[in-house]
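J.: Shown below is the structure under consideration.
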Amino acid sequence: MKNSFRDRVYTIAAKIPKGKVVTYGQLAKMAGSPQAARAVGMSMRCNTDRKKVPCHRVVASNGALTGYAFGKGVTTKKEILLKEGVVFKSNKVDLIRSQWTGR
DNA sequence: AGATTGACCGTGT
DNA sequence: GACACGGCCAATC
């Protein structure tokens with residue numbers, strides 16, 4: 001165990017229920033640093049275990065899909081989220097319906 | 001050890 | 001509503 005910020009993000013991201021998404025800011029807050037949204041994204045970028053860390057369930061605060069280190073990038077990410085049952089609004093995720101508040 | 005980048009967020013114009 | 005700027009955190013070069 002590394003007990004690093006990254007490890008914490010991994011653990012929390014793994015807790016995200018299927019069909020729900022979390023914003024980087026929210027995840028950062030859960031990790032202990034409300035302003036470390038960027039650091040969260042970086043941890044995700046370095047992440048290689050998409051089975052253990054559903055990084056595709058992590059989206060921007062405005063519901064827009066960003067990055068993704070696998071498949072076709074945001075394209076694959078959107079497909080996966082759509083399959084998971086996440087509600088999409090235009091080209092973004094409907095946070096009103098699919099944002100996981102951590103409860 | 002220092003400097004730079006990066007899958008961001010909030011606010012202002 | 002869209003575009004631009006600055007600020008914060010951690011990891012990587």
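Every chain in the structure tokens takes a letter, A first, then B, and so on in the order presented; its residues are numbered from 1, and the ligands are numbered from 1 following the presented order.
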Which residues of chain A are close to chain C, meaning at most 10 Å apart when you count only C-alpha atoms (C1' of nucleotides), and how do they look as a list in words?
T.: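 Every residue meeting the condition is included here: Ser4, Phe5, Arg6, Ala28, Ser33, Pro34, Gln35, Ala36, Ala37, Arg38, Ala39, Val40, Gly41, Met42, Ser43 and Cys46 of chain A.
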J.: What would the file look like if the residues just selected were written as a PDB file, in the first residue's frame with C-alpha atoms?
T.:
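For reference, part.pdb as written:
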```
ATOM      1  CA  SER A   4      -0.595   8.169  -1.475  1.00  0.00           C
ATOM      2  CA  PHE A   5      -3.043  10.643  -2.862  1.00  0.00           C
ATOM      3  CA  ARG A   6      -3.156   8.518  -5.976  1.00  0.00           C
ATOM      4  CA  ALA A  28     -10.635  15.395  -5.263  1.00  0.00           C
ATOM      5  CA  SER A  33      -7.959  17.936  -1.403  1.00  0.00           C
ATOM      6  CA  PRO A  34     -10.937  19.946  -2.680  1.00  0.00           C
ATOM      7  CA  GLN A  35      -8.719  21.849  -5.075  1.00  0.00           C
ATOM      8  CA  ALA A  36      -6.746  18.925  -6.417  1.00  0.00           C
ATOM      9  CA  ALA A  37      -9.044  18.201  -9.331  1.00  0.00           C
ATOM     10  CA  ARG A  38      -6.055  18.418 -11.673  1.00  0.00           C
ATOM     11  CA  ALA A  39      -4.030  16.024  -9.592  1.00  0.00           C
ATOM     12  CA  VAL A  40      -6.944  13.593  -9.725  1.00  0.00           C
ATOM     13  CA  GLY A  41      -6.968  13.701 -13.486  1.00  0.00           C
ATOM     14  CA  MET A  42      -3.253  13.101 -13.562  1.00  0.00           C
ATOM     15  CA  SER A  43      -3.607  10.069 -11.337  1.00  0.00           C
ATOM     16  CA  CYS A  46      -1.250   7.261 -15.007  1.00  0.00           C
TER      17      CYS A  46
END
```
J.: What's the 9 Å shell around Val53 in chain A, counting only C-alpha atoms (C1' of nucleotides), without same-chain residues fewer than 5 positions away, as a list in words?
T.: Val9, Tyr10, Thr11, Ile12, Ala13, Ala14, Lys15, Met44, Asn47 and Thr48 of chain A
J.: Pick out the residues sitting within 12 Å of range 67-82 of chain A, and hand them over as a ChimeraX atom specification; count only C-alpha atoms (C1' of nucleotides), and ignore anything fewer than 3 positions along from it in its own chain.
T.: /A:17-22,24,41-51,53-60,63-64,85-94,98-99 /B:6-8
J.: So how far away is CA of Thr23 in chain A from CA of Thr101 in chain A, in Å?
T.: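 Separation between CA of Thr101 in chain A and CA of Thr23 in chain A: 9.4 Å.
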J.: Among chain A, which ones does DSSP assign to strand (DSSP E) (computed from the backbone)? Answer as a PDB file with N, CA, C and O atoms, in the first residue's frame.
T.:
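The result, stored in out.pdb:
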```
ATOM      1  N   VAL A  22     -18.813  10.827 -11.392  1.00  0.00           N
ATOM      2  CA  VAL A  22     -18.340  11.784 -10.381  1.00  0.00           C
ATOM      3  C   VAL A  22     -17.468  12.825 -11.058  1.00  0.00           C
ATOM      4  O   VAL A  22     -16.753  12.525 -12.010  1.00  0.00           O
ATOM      5  N   THR A  23     -17.516  14.014 -10.588  1.00  0.00           N
ATOM      6  CA  THR A  23     -16.686  15.067 -11.170  1.00  0.00           C
ATOM      7  C   THR A  23     -15.310  15.037 -10.513  1.00  0.00           C
ATOM      8  O   THR A  23     -15.156  14.569  -9.399  1.00  0.00           O
ATOM      9  N   VAL A  58     -15.469   9.098 -14.360  1.00  0.00           N
ATOM     10  CA  VAL A  58     -15.051  10.399 -13.824  1.00  0.00           C
ATOM     11  C   VAL A  58     -15.112  11.433 -14.949  1.00  0.00           C
ATOM     12  O   VAL A  58     -14.454  11.283 -15.978  1.00  0.00           O
ATOM     13  N   VAL A  59     -15.910  12.454 -14.757  1.00  0.00           N
ATOM     14  CA  VAL A  59     -16.083  13.478 -15.787  1.00  0.00           C
ATOM     15  C   VAL A  59     -15.798  14.865 -15.227  1.00  0.00           C
ATOM     16  O   VAL A  59     -15.591  15.030 -14.036  1.00  0.00           O
ATOM     17  N   PHE A  88     -27.088  10.967 -20.860  1.00  0.00           N
ATOM     18  CA  PHE A  88     -26.314  11.989 -21.561  1.00  0.00           C
ATOM     19  C   PHE A  88     -27.182  13.150 -21.997  1.00  0.00           C
ATOM     20  O   PHE A  88     -28.331  12.978 -22.393  1.00  0.00           O
ATOM     21  N   LYS A  89     -26.599  14.318 -21.949  1.00  0.00           N
ATOM     22  CA  LYS A  89     -27.319  15.527 -22.324  1.00  0.00           C
ATOM     23  C   LYS A  89     -26.517  16.173 -23.440  1.00  0.00           C
ATOM     24  O   LYS A  89     -25.443  16.683 -23.223  1.00  0.00           O
ATOM     25  N   LYS A  92     -22.771  15.905 -23.303  1.00  0.00           N
ATOM     26  CA  LYS A  92     -22.231  15.843 -21.940  1.00  0.00           C
ATOM     27  C   LYS A  92     -23.091  14.943 -21.066  1.00  0.00           C
ATOM     28  O   LYS A  92     -24.189  14.558 -21.470  1.00  0.00           O
ATOM     29  N   VAL A  93     -22.611  14.646 -19.896  1.00  0.00           N
ATOM     30  CA  VAL A  93     -23.351  13.797 -18.969  1.00  0.00           C
ATOM     31  C   VAL A  93     -24.355  14.643 -18.177  1.00  0.00           C
ATOM     32  O   VAL A  93     -24.040  15.754 -17.773  1.00  0.00           O
TER      33      VAL A  93
END
```
J.: So which one's closest to chain B, A:Asp7, A:Lys52, A:Arg97, A:Asn62? Using only C-alpha atoms (C1' of nucleotides), please.
T.: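 Answer, going by the shortest atom-to-atom distance: A:Asn62.
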J.: Got a sec to tell me which of range 7-85 of chain A DSSP assigns to helix (DSSP H, G or I), as an mmCIF file with N, CA and C atoms, in the first residue's frame?
T.:
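The resulting part-v1.cif:
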```
data_model
loop_
_atom_site.group_PDB
_atom_site.id
_atom_site.type_symbol
_atom_site.label_atom_id
_atom_site.label_comp_id
_atom_site.auth_asym_id
_atom_site.auth_seq_id
_atom_site.Cartn_x
_atom_site.Cartn_y
_atom_site.Cartn_z
ATOM 1 N N ASP A 7 -3.404 6.597 -4.554
ATOM 2 C CA ASP A 7 -4.042 5.382 -4.054
ATOM 3 C C ASP A 7 -5.438 5.692 -3.545
ATOM 4 N N ARG A 8 -5.556 6.831 -2.906
ATOM 5 C CA ARG A 8 -6.846 7.245 -2.361
ATOM 6 C C ARG A 8 -7.838 7.455 -3.504
ATOM 7 N N VAL A 9 -7.391 8.119 -4.535
ATOM 8 C CA VAL A 9 -8.255 8.374 -5.695
ATOM 9 C C VAL A 9 -8.698 7.048 -6.321
ATOM 10 N N TYR A 10 -7.772 6.129 -6.405
ATOM 11 C CA TYR A 10 -8.082 4.798 -6.954
ATOM 12 C C TYR A 10 -9.212 4.148 -6.165
ATOM 13 N N THR A 11 -9.057 4.147 -4.876
ATOM 14 C CA THR A 11 -10.044 3.517 -3.994
ATOM 15 C C THR A 11 -11.421 4.149 -4.153
ATOM 16 N N ILE A 12 -11.460 5.445 -4.138
ATOM 17 C CA ILE A 12 -12.738 6.153 -4.245
ATOM 18 C C ILE A 12 -13.373 5.910 -5.608
ATOM 19 N N ALA A 13 -12.566 5.989 -6.636
ATOM 20 C CA ALA A 13 -13.081 5.800 -8.001
ATOM 21 C C ALA A 13 -13.675 4.404 -8.137
ATOM 22 N N ALA A 14 -13.077 3.449 -7.459
ATOM 23 C CA ALA A 14 -13.569 2.071 -7.526
ATOM 24 C C ALA A 14 -14.906 1.929 -6.834
ATOM 25 N N TYR A 24 -14.326 15.501 -11.219
ATOM 26 C CA TYR A 24 -12.957 15.516 -10.697
ATOM 27 C C TYR A 24 -12.904 16.294 -9.381
ATOM 28 N N GLY A 25 -13.601 17.386 -9.331
ATOM 29 C CA GLY A 25 -13.613 18.197 -8.120
ATOM 30 C C GLY A 25 -14.195 17.409 -6.954
ATOM 31 N N GLN A 26 -15.288 16.705 -7.222
ATOM 32 C CA GLN A 26 -15.928 15.920 -6.175
ATOM 33 C C GLN A 26 -14.984 14.830 -5.694
ATOM 34 N N LEU A 27 -14.377 14.164 -6.647
ATOM 35 C CA LEU A 27 -13.434 13.088 -6.313
ATOM 36 C C LEU A 27 -12.245 13.633 -5.529
ATOM 37 N N ALA A 28 -11.764 14.771 -5.953
ATOM 38 C CA ALA A 28 -10.635 15.395 -5.263
ATOM 39 C C ALA A 28 -11.020 15.711 -3.825
ATOM 40 N N LYS A 29 -12.223 16.185 -3.676
ATOM 41 C CA LYS A 29 -12.710 16.530 -2.346
ATOM 42 C C LYS A 29 -12.760 15.284 -1.470
ATOM 43 N N MET A 30 -13.241 14.184 -2.059
ATOM 44 C CA MET A 30 -13.304 12.929 -1.311
ATOM 45 C C MET A 30 -11.902 12.433 -0.956
ATOM 46 N N ALA A 31 -10.972 12.724 -1.836
ATOM 47 C CA ALA A 31 -9.593 12.268 -1.605
ATOM 48 C C ALA A 31 -8.920 13.083 -0.507
ATOM 49 N N ALA A 37 -8.363 18.830 -8.197
ATOM 50 C CA ALA A 37 -9.044 18.201 -9.331
ATOM 51 C C ALA A 37 -8.040 17.830 -10.415
ATOM 52 N N ARG A 38 -7.067 18.683 -10.636
ATOM 53 C CA ARG A 38 -6.055 18.418 -11.673
ATOM 54 C C ARG A 38 -5.224 17.225 -11.292
ATOM 55 N N ALA A 39 -4.844 17.145 -10.060
ATOM 56 C CA ALA A 39 -4.030 16.024 -9.592
ATOM 57 C C ALA A 39 -4.802 14.723 -9.768
ATOM 58 N N VAL A 40 -6.102 14.779 -9.549
ATOM 59 C CA VAL A 40 -6.944 13.593 -9.725
ATOM 60 C C VAL A 40 -6.865 13.124 -11.171
ATOM 61 N N GLY A 41 -7.035 14.039 -12.065
ATOM 62 C CA GLY A 41 -6.968 13.701 -13.486
ATOM 63 C C GLY A 41 -5.631 13.100 -13.850
ATOM 64 N N MET A 42 -4.583 13.629 -13.267
ATOM 65 C CA MET A 42 -3.253 13.101 -13.562
ATOM 66 C C MET A 42 -3.108 11.679 -13.057
ATOM 67 N N SER A 43 -3.644 11.421 -11.888
ATOM 68 C CA SER A 43 -3.607 10.069 -11.337
ATOM 69 C C SER A 43 -4.354 9.114 -12.263
ATOM 70 N N MET A 44 -5.450 9.581 -12.800
ATOM 71 C CA MET A 44 -6.244 8.777 -13.714
ATOM 72 C C MET A 44 -5.456 8.496 -14.991
ATOM 73 N N ARG A 45 -4.738 9.466 -15.432
ATOM 74 C CA ARG A 45 -3.955 9.330 -16.652
ATOM 75 C C ARG A 45 -2.889 8.262 -16.465
ATOM 76 N N CYS A 46 -2.296 8.238 -15.301
ATOM 77 C CA CYS A 46 -1.250 7.261 -15.007
ATOM 78 C C CYS A 46 -1.874 5.897 -14.730
ATOM 79 N N CYS A 55 -12.100 4.793 -14.469
ATOM 80 C CA CYS A 55 -11.813 6.207 -14.711
ATOM 81 C C CYS A 55 -12.822 6.794 -15.699
ATOM 82 N N HIS A 56 -13.502 5.932 -16.445
ATOM 83 C CA HIS A 56 -14.488 6.446 -17.402
ATOM 84 C C HIS A 56 -15.704 6.989 -16.688
ATOM 85 N N ARG A 57 -15.801 6.712 -15.402
ATOM 86 C CA ARG A 57 -16.929 7.248 -14.636
ATOM 87 C C ARG A 57 -16.583 8.584 -14.015
ATOM 88 N N VAL A 74 -12.163 9.870 -25.487
ATOM 89 C CA VAL A 74 -13.486 10.309 -25.025
ATOM 90 C C VAL A 74 -14.608 9.567 -25.753
ATOM 91 N N THR A 75 -14.338 9.153 -26.963
ATOM 92 C CA THR A 75 -15.358 8.427 -27.730
ATOM 93 C C THR A 75 -15.714 7.120 -27.032
ATOM 94 N N THR A 76 -14.705 6.337 -26.734
ATOM 95 C CA THR A 76 -14.924 5.078 -26.019
ATOM 96 C C THR A 76 -15.542 5.349 -24.654
ATOM 97 N N LYS A 77 -15.052 6.351 -24.024
ATOM 98 C CA LYS A 77 -15.549 6.726 -22.700
ATOM 99 C C LYS A 77 -17.057 6.976 -22.757
ATOM 100 N N LYS A 78 -17.480 7.729 -23.717
ATOM 101 C CA LYS A 78 -18.907 8.046 -23.857
ATOM 102 C C LYS A 78 -19.704 6.775 -24.100
ATOM 103 N N GLU A 79 -19.181 5.916 -24.939
ATOM 104 C CA GLU A 79 -19.876 4.665 -25.236
ATOM 105 C C GLU A 79 -20.054 3.832 -23.977
ATOM 106 N N ILE A 80 -18.986 3.749 -23.200
ATOM 107 C CA ILE A 80 -19.040 2.970 -21.964
ATOM 108 C C ILE A 80 -20.061 3.554 -20.997
ATOM 109 N N LEU A 81 -19.997 4.837 -20.793
ATOM 110 C CA LEU A 81 -20.937 5.485 -19.872
ATOM 111 C C LEU A 81 -22.363 5.281 -20.344
ATOM 112 N N LEU A 82 -22.560 5.380 -21.631
ATOM 113 C CA LEU A 82 -23.898 5.199 -22.180
ATOM 114 C C LEU A 82 -24.386 3.777 -21.924
ATOM 115 N N LYS A 83 -23.479 2.833 -22.035
ATOM 116 C CA LYS A 83 -23.807 1.429 -21.764
ATOM 117 C C LYS A 83 -24.090 1.207 -20.294
ATOM 118 N N GLU A 84 -23.376 1.905 -19.463
ATOM 119 C CA GLU A 84 -23.543 1.775 -18.020
ATOM 120 C C GLU A 84 -24.910 2.277 -17.577
#
```
J.: Mind pulling up the distance from CA of Leu95 in chain A to CA of Leu65 in chain A?
T.: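 Taking CA of Leu65 in chain A as the start and CA of Leu95 in chain A as the end point, the length is 11.7 Å.
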